[in-house]
$ cat run-v8.txt   # compact mmCIF, C-alpha atoms
# COMPACT_ATOMS: atom_id res chain seq x y z
CA MET A 1 22.21 -30.28 -160.49
CA ASN A 2 22.85 -33.45 -158.56
CA ILE A 3 23.70 -36.51 -160.62
CA HIS A 4 23.25 -39.86 -158.91
CA ALA A 5 25.33 -42.57 -160.59
CA ALA A 6 25.43 -46.25 -159.71
CA ARG A 7 28.91 -46.73 -161.17
CA LYS A 8 31.88 -44.77 -162.43
CA TYR A 9 32.57 -45.30 -166.14
CA VAL A 10 36.27 -45.48 -166.97
CA SER A 11 37.29 -45.04 -170.59
CA PRO A 12 39.58 -47.73 -172.02
CA ARG A 13 41.51 -44.85 -173.62
CA THR A 14 42.75 -43.79 -170.18
CA ARG A 15 44.22 -47.10 -169.00
CA PRO A 16 43.59 -50.85 -169.06
CA LEU A 17 40.25 -51.63 -167.45
CA THR A 18 39.63 -53.98 -164.55
CA PRO A 19 37.06 -56.75 -165.10
CA ASP A 20 34.48 -54.74 -163.11
CA GLU A 21 35.14 -51.65 -165.23
CA GLN A 22 34.81 -53.74 -168.40
CA GLU A 23 31.42 -54.97 -167.17
CA THR A 24 30.31 -51.41 -166.39
CA ARG A 25 31.26 -50.42 -169.93
CA ARG A 26 29.41 -53.40 -171.42
CA LEU A 27 26.27 -52.65 -169.41
CA SER A 28 26.40 -48.94 -170.26
CA TYR A 29 26.44 -49.70 -173.99
CA SER A 30 23.81 -52.43 -173.66
CA LEU A 31 21.39 -49.95 -172.06
CA LYS A 32 21.44 -47.81 -175.22
CA ASP A 33 19.65 -50.42 -177.37
CA TRP A 34 16.40 -51.80 -175.98
CA THR A 35 16.14 -54.22 -178.92
CA SER A 36 19.33 -56.12 -178.03
CA ASP A 37 19.15 -59.71 -176.75
CA HIS A 38 20.50 -58.83 -173.31
CA PHE A 39 18.73 -55.52 -172.74
CA THR A 40 16.09 -56.72 -170.28
CA GLU A 41 18.53 -58.61 -168.07
CA ASP A 42 21.03 -55.74 -168.18
CA ALA A 43 18.32 -53.15 -167.47
CA PHE A 44 17.28 -55.00 -164.32
CA THR A 45 20.92 -55.26 -163.22
CA ALA A 46 21.38 -51.51 -163.68
CA ALA A 47 17.96 -50.65 -162.24
CA HIS A 48 18.67 -52.56 -159.03
CA GLU A 49 21.76 -50.45 -158.41
CA MET A 50 20.11 -47.20 -159.51
CA ALA A 51 17.05 -47.74 -157.32
CA GLN A 52 19.30 -47.91 -154.27
CA LEU A 53 20.39 -44.30 -154.90
CA ILE A 54 16.94 -42.73 -154.57
CA THR A 55 13.78 -42.87 -152.50
CA ALA A 56 10.18 -42.96 -153.62
CA PRO A 57 7.61 -41.59 -154.10
CA CYS A 58 9.27 -39.84 -156.99
CA TRP A 59 8.95 -39.22 -160.71
CA LEU A 60 11.24 -40.87 -163.25
CA VAL A 61 11.56 -39.00 -166.54
CA PRO A 62 13.26 -40.89 -169.39
CA VAL A 63 15.95 -38.88 -171.19
CA PRO A 64 15.51 -38.76 -174.98
CA SER A 65 18.26 -40.32 -177.10
CA SER A 66 20.14 -38.27 -179.68
CA ILE A 67 17.32 -38.95 -182.17
CA GLY A 68 14.60 -38.13 -179.63
CA SER A 69 13.48 -41.65 -178.67
CA THR A 70 12.85 -42.39 -175.01
CA ALA A 71 12.27 -46.13 -175.55
CA ALA A 72 15.48 -47.46 -173.96
CA ASN A 73 15.44 -45.08 -170.99
CA ARG A 74 11.69 -45.60 -170.49
CA LYS A 75 12.32 -49.36 -170.23
CA LEU A 76 15.17 -48.67 -167.80
CA ALA A 77 12.80 -46.50 -165.74
CA GLU A 78 10.23 -49.33 -165.79
CA ALA A 79 12.87 -51.68 -164.38
CA ILE A 80 13.62 -49.15 -161.61
CA VAL A 81 9.91 -49.08 -160.73
CA TYR A 82 10.11 -52.85 -160.21
CA TYR A 83 12.45 -52.12 -157.26
CA LEU A 84 10.66 -48.91 -156.20
CA PRO A 85 6.95 -49.56 -156.81
CA THR A 86 5.85 -46.12 -155.60
CA ALA A 87 8.01 -44.39 -158.24
CA LYS A 88 6.06 -43.10 -161.23
CA ILE A 89 7.18 -42.62 -164.81
CA MET A 90 6.33 -39.59 -166.89
CA ASP A 91 7.55 -39.77 -170.49
CA ILE A 92 7.43 -36.03 -171.04
CA LEU A 93 10.59 -35.05 -172.96
CA THR A 94 11.60 -35.09 -176.61
CA ARG A 95 14.05 -33.30 -178.86
CA ALA A 96 13.04 -30.58 -181.29
CA ALA A 97 15.74 -31.89 -183.64
CA PRO A 98 18.18 -34.82 -183.66
CA VAL A 99 21.73 -34.21 -182.45
CA ALA A 100 25.02 -36.07 -182.69
CA SER A 101 25.24 -38.55 -179.82
CA SER A 102 27.43 -37.58 -176.88
CA CYS A 103 29.17 -40.94 -177.21
CA GLN A 104 30.08 -40.27 -180.84
CA ARG A 105 31.16 -36.69 -180.12
CA HIS A 106 33.52 -37.92 -177.39
CA ARG A 107 34.96 -40.61 -179.65
CA THR A 108 35.80 -37.99 -182.26
CA ALA A 109 37.14 -35.50 -179.67
CA LYS A 110 34.48 -32.91 -180.51
CA GLY A 111 33.57 -32.30 -176.89
CA PRO A 112 30.10 -32.02 -175.42
CA LEU A 113 27.20 -30.14 -176.92
CA ALA A 114 26.21 -26.96 -175.17
CA VAL A 115 23.06 -27.33 -173.05
CA ALA A 116 20.90 -25.29 -175.45
CA ASP A 117 22.14 -27.29 -178.46
CA HIS A 118 20.52 -30.47 -177.12
CA HIS A 119 17.10 -29.20 -178.30
CA ILE A 120 15.32 -30.97 -175.43
CA ARG A 121 11.73 -29.87 -175.02
CA ARG A 122 8.70 -30.83 -173.01
CA LYS A 123 6.13 -32.67 -175.12
CA PRO A 124 3.12 -30.44 -175.85
CA GLY A 125 0.39 -30.72 -173.25
CA LYS A 126 2.54 -32.80 -170.88
CA TRP A 127 3.21 -31.82 -167.29
CA ILE A 128 4.06 -33.52 -164.01
CA PRO A 129 1.58 -33.28 -161.11
CA MET A 130 4.23 -33.10 -158.39
CA HIS A 131 3.26 -33.15 -154.74
CA GLU A 132 5.22 -31.85 -151.79
CA GLY A 133 8.14 -34.11 -150.92
CA GLU A 134 8.30 -35.80 -154.33
CA ARG A 135 11.55 -35.71 -156.25
CA LEU A 136 12.09 -35.85 -159.98
CA TYR A 137 14.90 -37.81 -161.64
CA PHE A 138 15.99 -37.82 -165.27
CA VAL A 139 16.84 -41.45 -166.15
CA ASP A 140 19.72 -42.13 -168.54
CA ASN A 141 22.24 -44.90 -169.12
CA THR A 142 25.39 -42.78 -168.90
CA THR A 143 26.41 -39.18 -168.41
CA THR A 144 29.52 -37.89 -170.13
CA SER A 145 29.44 -34.15 -169.41
CA GLY A 146 26.15 -33.62 -167.59
CA ASN A 147 24.89 -31.31 -170.36
CA THR A 148 22.10 -33.62 -171.54
CA LEU A 149 20.78 -33.84 -167.99
CA ALA A 150 21.12 -30.07 -167.60
CA ALA A 151 19.10 -29.62 -170.82
CA CYS A 152 16.39 -31.88 -169.38
CA ARG A 153 16.30 -29.81 -166.21
CA LEU A 154 16.10 -26.62 -168.25
CA ALA A 155 13.08 -28.01 -170.13
CA ILE A 156 11.24 -28.96 -166.91
CA GLY A 157 12.61 -26.46 -164.40
CA THR A 158 13.62 -28.97 -161.73
CA GLY A 159 15.08 -32.43 -161.26
CA ASP A 160 18.24 -34.43 -160.66
CA GLY A 161 20.03 -36.93 -162.85
CA LEU A 162 19.84 -40.68 -162.22
CA VAL A 163 22.27 -42.63 -164.38
CA PHE A 164 23.80 -46.06 -164.40
CA SER A 165 27.31 -44.84 -165.16
CA ASP A 166 29.15 -41.55 -164.87
CA ALA A 167 31.92 -40.93 -167.43
CA ARG A 168 32.64 -37.36 -166.39
CA LEU A 169 36.30 -36.72 -165.78
CA PRO A 170 37.19 -36.33 -162.12
CA LEU A 171 37.69 -32.80 -160.92
CA PHE A 172 41.12 -32.17 -159.51
CA THR A 173 41.53 -29.97 -156.47
CA PHE A 174 44.79 -28.57 -155.21

$ encode --input "run-v8.txt" --output "structure tokens"
Amino acid sequence: MNIHAARKYVSPRTRPLTPDEQETRRLSYSLKDWTSDHFTEDAFTAAHEMAQLITAPCWLVPVPSSIGSTAANRKLAEAIVYYLPTAKIMDILTRAAPVASSCQRHRTAKGPLAVADHHIRRKPGKWIPMHEGERLYFVDNTTTSGNTLAACRLAIGTGDGLVFSDARLPLFTF
């Protein structure tokens, strides 16, 4: 699966952060809570950068939060559509059961959930009328392992990730 990320997320546990990295961290956390005072402004900041990574026409599918809500990522997808008006949103995913958030699991050194343990499912009766040449992107604020996005792809059968920040550790090659 391809994951398109506007910014690299650097953990403050690895080293002191630059001002730009601190802002990436702030924005990444802000995008989790659509009820916060700065969400709309921050969503448009992130959406502008994310929209530059893809082309439309395409489908944007909001990723469900750990409790199954797509509200924050749906609003992020709506902000992306502002910059890519021919993109379409299909709120088609949910979770069969809540899970511990990836953020919390990483903070407590529990590691990522396995793909199947995300319990991501397509909502009953929902499908995407894709046409030739259209792409599908799963919209999320941050990816930590890629497993949530992989679970979304497993539920739909196709698609790439589109995230504001990527917290996956770099792969080392020798």

$ closest_residue --input "run-v8.txt" --among "A:Val139, A:Ala150, A:Ile54, A:Ala87" --to "His118 of chain A" --atoms "all atoms listed in the file"
A:Ala150

$ residues_around --input "run-v8.txt" --residues "Thr86 of chain A" --least-positions-apart "3" --cutoff "9 Å" --atoms "only C-alpha atoms" --output "NGL selection string"
:A and (56-58 or 81)

$ write_last_selection --input "run-v8.txt" --atoms "C-alpha atoms" --output "mmCIF file, keeping the file's coordinate frame"
data_model
loop_
_atom_site.group_PDB
_atom_site.id
_atom_site.type_symbol
_atom_site.label_atom_id
_atom_site.label_comp_id
_atom_site.auth_asym_id
_atom_site.auth_seq_id
_atom_site.Cartn_x
_atom_site.Cartn_y
_atom_site.Cartn_z
ATOM 1 C CA ALA A 56 10.180 -42.960 -153.620
ATOM 2 C CA PRO A 57 7.610 -41.590 -154.100
ATOM 3 C CA CYS A 58 9.270 -39.840 -156.990
ATOM 4 C CA VAL A 81 9.910 -49.080 -160.730
#

$ residues_around --input "run-v8.txt" --residues "Val61 of chain A" --least-positions-apart "3" --cutoff "8 Å" --atoms "all atoms listed in the file" --output "PDB file with C-alpha atoms, in the coordinates of the input"
ATOM      1  CA  ARG A  74      11.690 -45.600-170.490  1.00  0.00           C
ATOM      2  CA  ALA A  77      12.800 -46.500-165.740  1.00  0.00           C
ATOM      3  CA  ILE A  89       7.180 -42.620-164.810  1.00  0.00           C
ATOM      4  CA  MET A  90       6.330 -39.590-166.890  1.00  0.00           C
ATOM      5  CA  ASP A  91       7.550 -39.770-170.490  1.00  0.00           C
ATOM      6  CA  ILE A  92       7.430 -36.030-171.040  1.00  0.00           C
ATOM      7  CA  LEU A  93      10.590 -35.050-172.960  1.00  0.00           C
ATOM      8  CA  LEU A 136      12.090 -35.850-159.980  1.00  0.00           C
ATOM      9  CA  TYR A 137      14.900 -37.810-161.640  1.00  0.00           C
ATOM     10  CA  PHE A 138      15.990 -37.820-165.270  1.00  0.00           C
ATOM     11  CA  VAL A 139      16.840 -41.450-166.150  1.00  0.00           C
TER      12      VAL A 139
END

$ residues_around --input "run-v8.txt" --residues "Val163 of chain A" --least-positions-apart "6" --cutoff "12 Å" --atoms "all atoms listed in the file" --output "PDB file with C-alpha atoms, in the coordinates of the input"
ATOM      1  CA  ASN A   2      22.850 -33.450-158.560  1.00  0.00           C
ATOM      2  CA  ILE A   3      23.700 -36.510-160.620  1.00  0.00           C
ATOM      3  CA  HIS A   4      23.250 -39.860-158.910  1.00  0.00           C
ATOM      4  CA  ALA A   5      25.330 -42.570-160.590  1.00  0.00           C
ATOM      5  CA  ALA A   6      25.430 -46.250-159.710  1.00  0.00           C
ATOM      6  CA  ARG A   7      28.910 -46.730-161.170  1.00  0.00           C
ATOM      7  CA  LYS A   8      31.880 -44.770-162.430  1.00  0.00           C
ATOM      8  CA  TYR A   9      32.570 -45.300-166.140  1.00  0.00           C
ATOM      9  CA  LEU A  27      26.270 -52.650-169.410  1.00  0.00           C
ATOM     10  CA  SER A  28      26.400 -48.940-170.260  1.00  0.00           C
ATOM     11  CA  LEU A  31      21.390 -49.950-172.060  1.00  0.00           C
ATOM     12  CA  ALA A  43      18.320 -53.150-167.470  1.00  0.00           C
ATOM     13  CA  ALA A  46      21.380 -51.510-163.680  1.00  0.00           C
ATOM     14  CA  ALA A  47      17.960 -50.650-162.240  1.00  0.00           C
ATOM     15  CA  HIS A  48      18.670 -52.560-159.030  1.00  0.00           C
ATOM     16  CA  GLU A  49      21.760 -50.450-158.410  1.00  0.00           C
ATOM     17  CA  MET A  50      20.110 -47.200-159.510  1.00  0.00           C
ATOM     18  CA  ALA A  51      17.050 -47.740-157.320  1.00  0.00           C
ATOM     19  CA  GLN A  52      19.300 -47.910-154.270  1.00  0.00           C
ATOM     20  CA  LEU A  53      20.390 -44.300-154.900  1.00  0.00           C
ATOM     21  CA  ILE A  54      16.940 -42.730-154.570  1.00  0.00           C
ATOM     22  CA  LEU A  60      11.240 -40.870-163.250  1.00  0.00           C
ATOM     23  CA  VAL A  61      11.560 -39.000-166.540  1.00  0.00           C
ATOM     24  CA  PRO A  62      13.260 -40.890-169.390  1.00  0.00           C
ATOM     25  CA  VAL A  63      15.950 -38.880-171.190  1.00  0.00           C
ATOM     26  CA  ASN A  73      15.440 -45.080-170.990  1.00  0.00           C
ATOM     27  CA  LEU A  76      15.170 -48.670-167.800  1.00  0.00           C
ATOM     28  CA  ALA A  77      12.800 -46.500-165.740  1.00  0.00           C
ATOM     29  CA  ILE A  80      13.620 -49.150-161.610  1.00  0.00           C
ATOM     30  CA  TYR A 137      14.900 -37.810-161.640  1.00  0.00           C
ATOM     31  CA  PHE A 138      15.990 -37.820-165.270  1.00  0.00           C
ATOM     32  CA  VAL A 139      16.840 -41.450-166.150  1.00  0.00           C
ATOM     33  CA  ASP A 140      19.720 -42.130-168.540  1.00  0.00           C
ATOM     34  CA  ASN A 141      22.240 -44.900-169.120  1.00  0.00           C
ATOM     35  CA  THR A 142      25.390 -42.780-168.900  1.00  0.00           C
ATOM     36  CA  THR A 143      26.410 -39.180-168.410  1.00  0.00           C
ATOM     37  CA  THR A 144      29.520 -37.890-170.130  1.00  0.00           C
ATOM     38  CA  GLY A 146      26.150 -33.620-167.590  1.00  0.00           C
ATOM     39  CA  THR A 148      22.100 -33.620-171.540  1.00  0.00           C
ATOM     40  CA  LEU A 149      20.780 -33.840-167.990  1.00  0.00           C
TER      41      LEU A 149
END

$ axis_aligned_box --input "run-v8.txt" --around "segment 134-143 of chain A" --padding-each-side "8 Å" --output "AutoDock Vina command-line options"
--center_x 17.4 --center_y -40.3 --center_z -161.7 --size_x 34.1 --size_y 25.2 --size_z 30.8

$ atom_distance --input "run-v8.txt" --atom1 "atom CA of Arg107 of chain A" --atom2 "atom CA of Asp33 of chain A"
18.3 Å

$ closest_residue --input "run-v8.txt" --among "A:Ser65, A:Ala109, A:Pro124, A:Tyr83" --to "Arg95 of chain A" --atoms "only C-alpha atoms"
A:Ser65

$ atom_distance --input "run-v8.txt" --atom1 "atom CA of Asp37 of chain A" --atom2 "atom CA of Ser102 of chain A"
23.6 Å

$ atom_distance --input "run-v8.txt" --atom1 "atom CA of Met1 of chain A" --atom2 "atom CA of Phe39 of chain A"
28.3 Å

$ residues_near_point --input "run-v8.txt" --point "(20.5, -32.3, -182.3)" --cutoff "9 Å" --atoms "only C-alpha atoms" --output "list in words"
Ser66, Ile67, Gly68, Arg95, Ala96, Ala97, Pro98, Val99, Ala100, Ser101, Leu113, Asp117, His118, His119 and Ile120 of chain A

$ write_last_selection --input "run-v8.txt" --atoms "C-alpha atoms" --output "short mmCIF file (atom, residue, chain, number, x, y, z; two decimals), keeping the file's coordinate frame"
data_model
loop_
_atom_site.label_atom_id
_atom_site.label_comp_id
_atom_site.auth_asym_id
_atom_site.auth_seq_id
_atom_site.Cartn_x
_atom_site.Cartn_y
_atom_site.Cartn_z
CA SER A 66 20.14 -38.27 -179.68
CA ILE A 67 17.32 -38.95 -182.17
CA GLY A 68 14.60 -38.13 -179.63
CA ARG A 95 14.05 -33.30 -178.86
CA ALA A 96 13.04 -30.58 -181.29
CA ALA A 97 15.74 -31.89 -183.64
CA PRO A 98 18.18 -34.82 -183.66
CA VAL A 99 21.73 -34.21 -182.45
CA ALA A 100 25.02 -36.07 -182.69
CA SER A 101 25.24 -38.55 -179.82
CA LEU A 113 27.20 -30.14 -176.92
CA ASP A 117 22.14 -27.29 -178.46
CA HIS A 118 20.52 -30.47 -177.12
CA HIS A 119 17.10 -29.20 -178.30
CA ILE A 120 15.32 -30.97 -175.43
#

$ build_atoms --input "run-v8.txt" --residues "segment 158-169 of chain A" --atoms "all heavy atoms" --output "short mmCIF file (atom, residue, chain, number, x, y, z; two decimals), keeping the file's coordinate frame"
data_model
loop_
_atom_site.label_atom_id
_atom_site.label_comp_id
_atom_site.auth_asym_id
_atom_site.auth_seq_id
_atom_site.Cartn_x
_atom_site.Cartn_y
_atom_site.Cartn_z
N THR A 158 13.17 -28.34 -162.96
CA THR A 158 13.62 -28.97 -161.73
C THR A 158 14.10 -30.38 -162.05
O THR A 158 13.89 -30.85 -163.17
CB THR A 158 12.48 -29.01 -160.67
OG1 THR A 158 13.03 -29.44 -159.42
CG2 THR A 158 11.35 -29.93 -161.09
N GLY A 159 14.71 -31.04 -161.10
CA GLY A 159 15.08 -32.43 -161.26
C GLY A 159 16.57 -32.69 -161.11
O GLY A 159 17.40 -31.80 -161.27
N ASP A 160 16.88 -33.94 -160.78
CA ASP A 160 18.24 -34.43 -160.66
C ASP A 160 18.46 -35.52 -161.70
O ASP A 160 17.51 -36.10 -162.21
CB ASP A 160 18.50 -35.04 -159.27
CG ASP A 160 18.56 -33.99 -158.17
OD1 ASP A 160 18.78 -32.80 -158.47
OD2 ASP A 160 18.40 -34.37 -156.99
N GLY A 161 19.71 -35.84 -161.95
CA GLY A 161 20.03 -36.93 -162.85
C GLY A 161 20.13 -38.25 -162.10
O GLY A 161 20.58 -38.30 -160.96
N LEU A 162 19.70 -39.32 -162.75
CA LEU A 162 19.84 -40.68 -162.22
C LEU A 162 20.37 -41.52 -163.38
O LEU A 162 19.64 -41.78 -164.34
CB LEU A 162 18.52 -41.23 -161.71
CG LEU A 162 18.54 -42.68 -161.21
CD1 LEU A 162 19.49 -42.84 -160.02
CD2 LEU A 162 17.13 -43.14 -160.85
N VAL A 163 21.63 -41.91 -163.28
CA VAL A 163 22.27 -42.63 -164.38
C VAL A 163 22.92 -43.91 -163.85
O VAL A 163 23.25 -44.02 -162.67
CB VAL A 163 23.34 -41.76 -165.08
CG1 VAL A 163 22.71 -40.52 -165.70
CG2 VAL A 163 24.46 -41.36 -164.13
N PHE A 164 23.08 -44.85 -164.77
CA PHE A 164 23.80 -46.06 -164.40
C PHE A 164 25.29 -45.77 -164.25
O PHE A 164 25.90 -46.12 -163.25
CB PHE A 164 23.57 -47.19 -165.41
CG PHE A 164 24.44 -48.38 -165.13
CD1 PHE A 164 24.26 -49.11 -163.97
CD2 PHE A 164 25.45 -48.74 -166.00
CE1 PHE A 164 25.08 -50.19 -163.68
CE2 PHE A 164 26.26 -49.81 -165.73
CZ PHE A 164 26.09 -50.54 -164.56
N SER A 165 25.88 -45.09 -165.25
CA SER A 165 27.31 -44.84 -165.16
C SER A 165 27.63 -43.37 -165.42
O SER A 165 26.94 -42.69 -166.19
CB SER A 165 28.09 -45.74 -166.12
OG SER A 165 27.71 -45.49 -167.46
N ASP A 166 28.71 -42.93 -164.79
CA ASP A 166 29.15 -41.55 -164.87
C ASP A 166 30.55 -41.53 -165.49
O ASP A 166 31.50 -42.01 -164.90
CB ASP A 166 29.19 -40.95 -163.47
CG ASP A 166 29.54 -39.47 -163.45
OD1 ASP A 166 30.01 -38.94 -164.48
OD2 ASP A 166 29.35 -38.85 -162.39
N ALA A 167 30.64 -40.98 -166.71
CA ALA A 167 31.92 -40.93 -167.43
C ALA A 167 32.57 -39.55 -167.34
O ALA A 167 33.58 -39.31 -168.01
CB ALA A 167 31.69 -41.30 -168.89
N ARG A 168 32.03 -38.67 -166.51
CA ARG A 168 32.64 -37.36 -166.39
C ARG A 168 34.05 -37.50 -165.80
O ARG A 168 34.26 -38.34 -164.92
CB ARG A 168 31.81 -36.43 -165.48
CG ARG A 168 30.47 -36.08 -166.10
CD ARG A 168 29.62 -35.27 -165.18
NE ARG A 168 29.33 -36.04 -163.98
CZ ARG A 168 28.82 -35.54 -162.86
NH1 ARG A 168 28.57 -34.26 -162.77
NH2 ARG A 168 28.57 -36.32 -161.84
N LEU A 169 34.94 -36.68 -166.30
CA LEU A 169 36.30 -36.72 -165.78
C LEU A 169 36.30 -36.22 -164.35
O LEU A 169 35.56 -35.30 -164.00
CB LEU A 169 37.22 -35.84 -166.63
CG LEU A 169 37.40 -36.32 -168.07
CD1 LEU A 169 38.21 -35.30 -168.86
CD2 LEU A 169 38.08 -37.68 -168.11
#
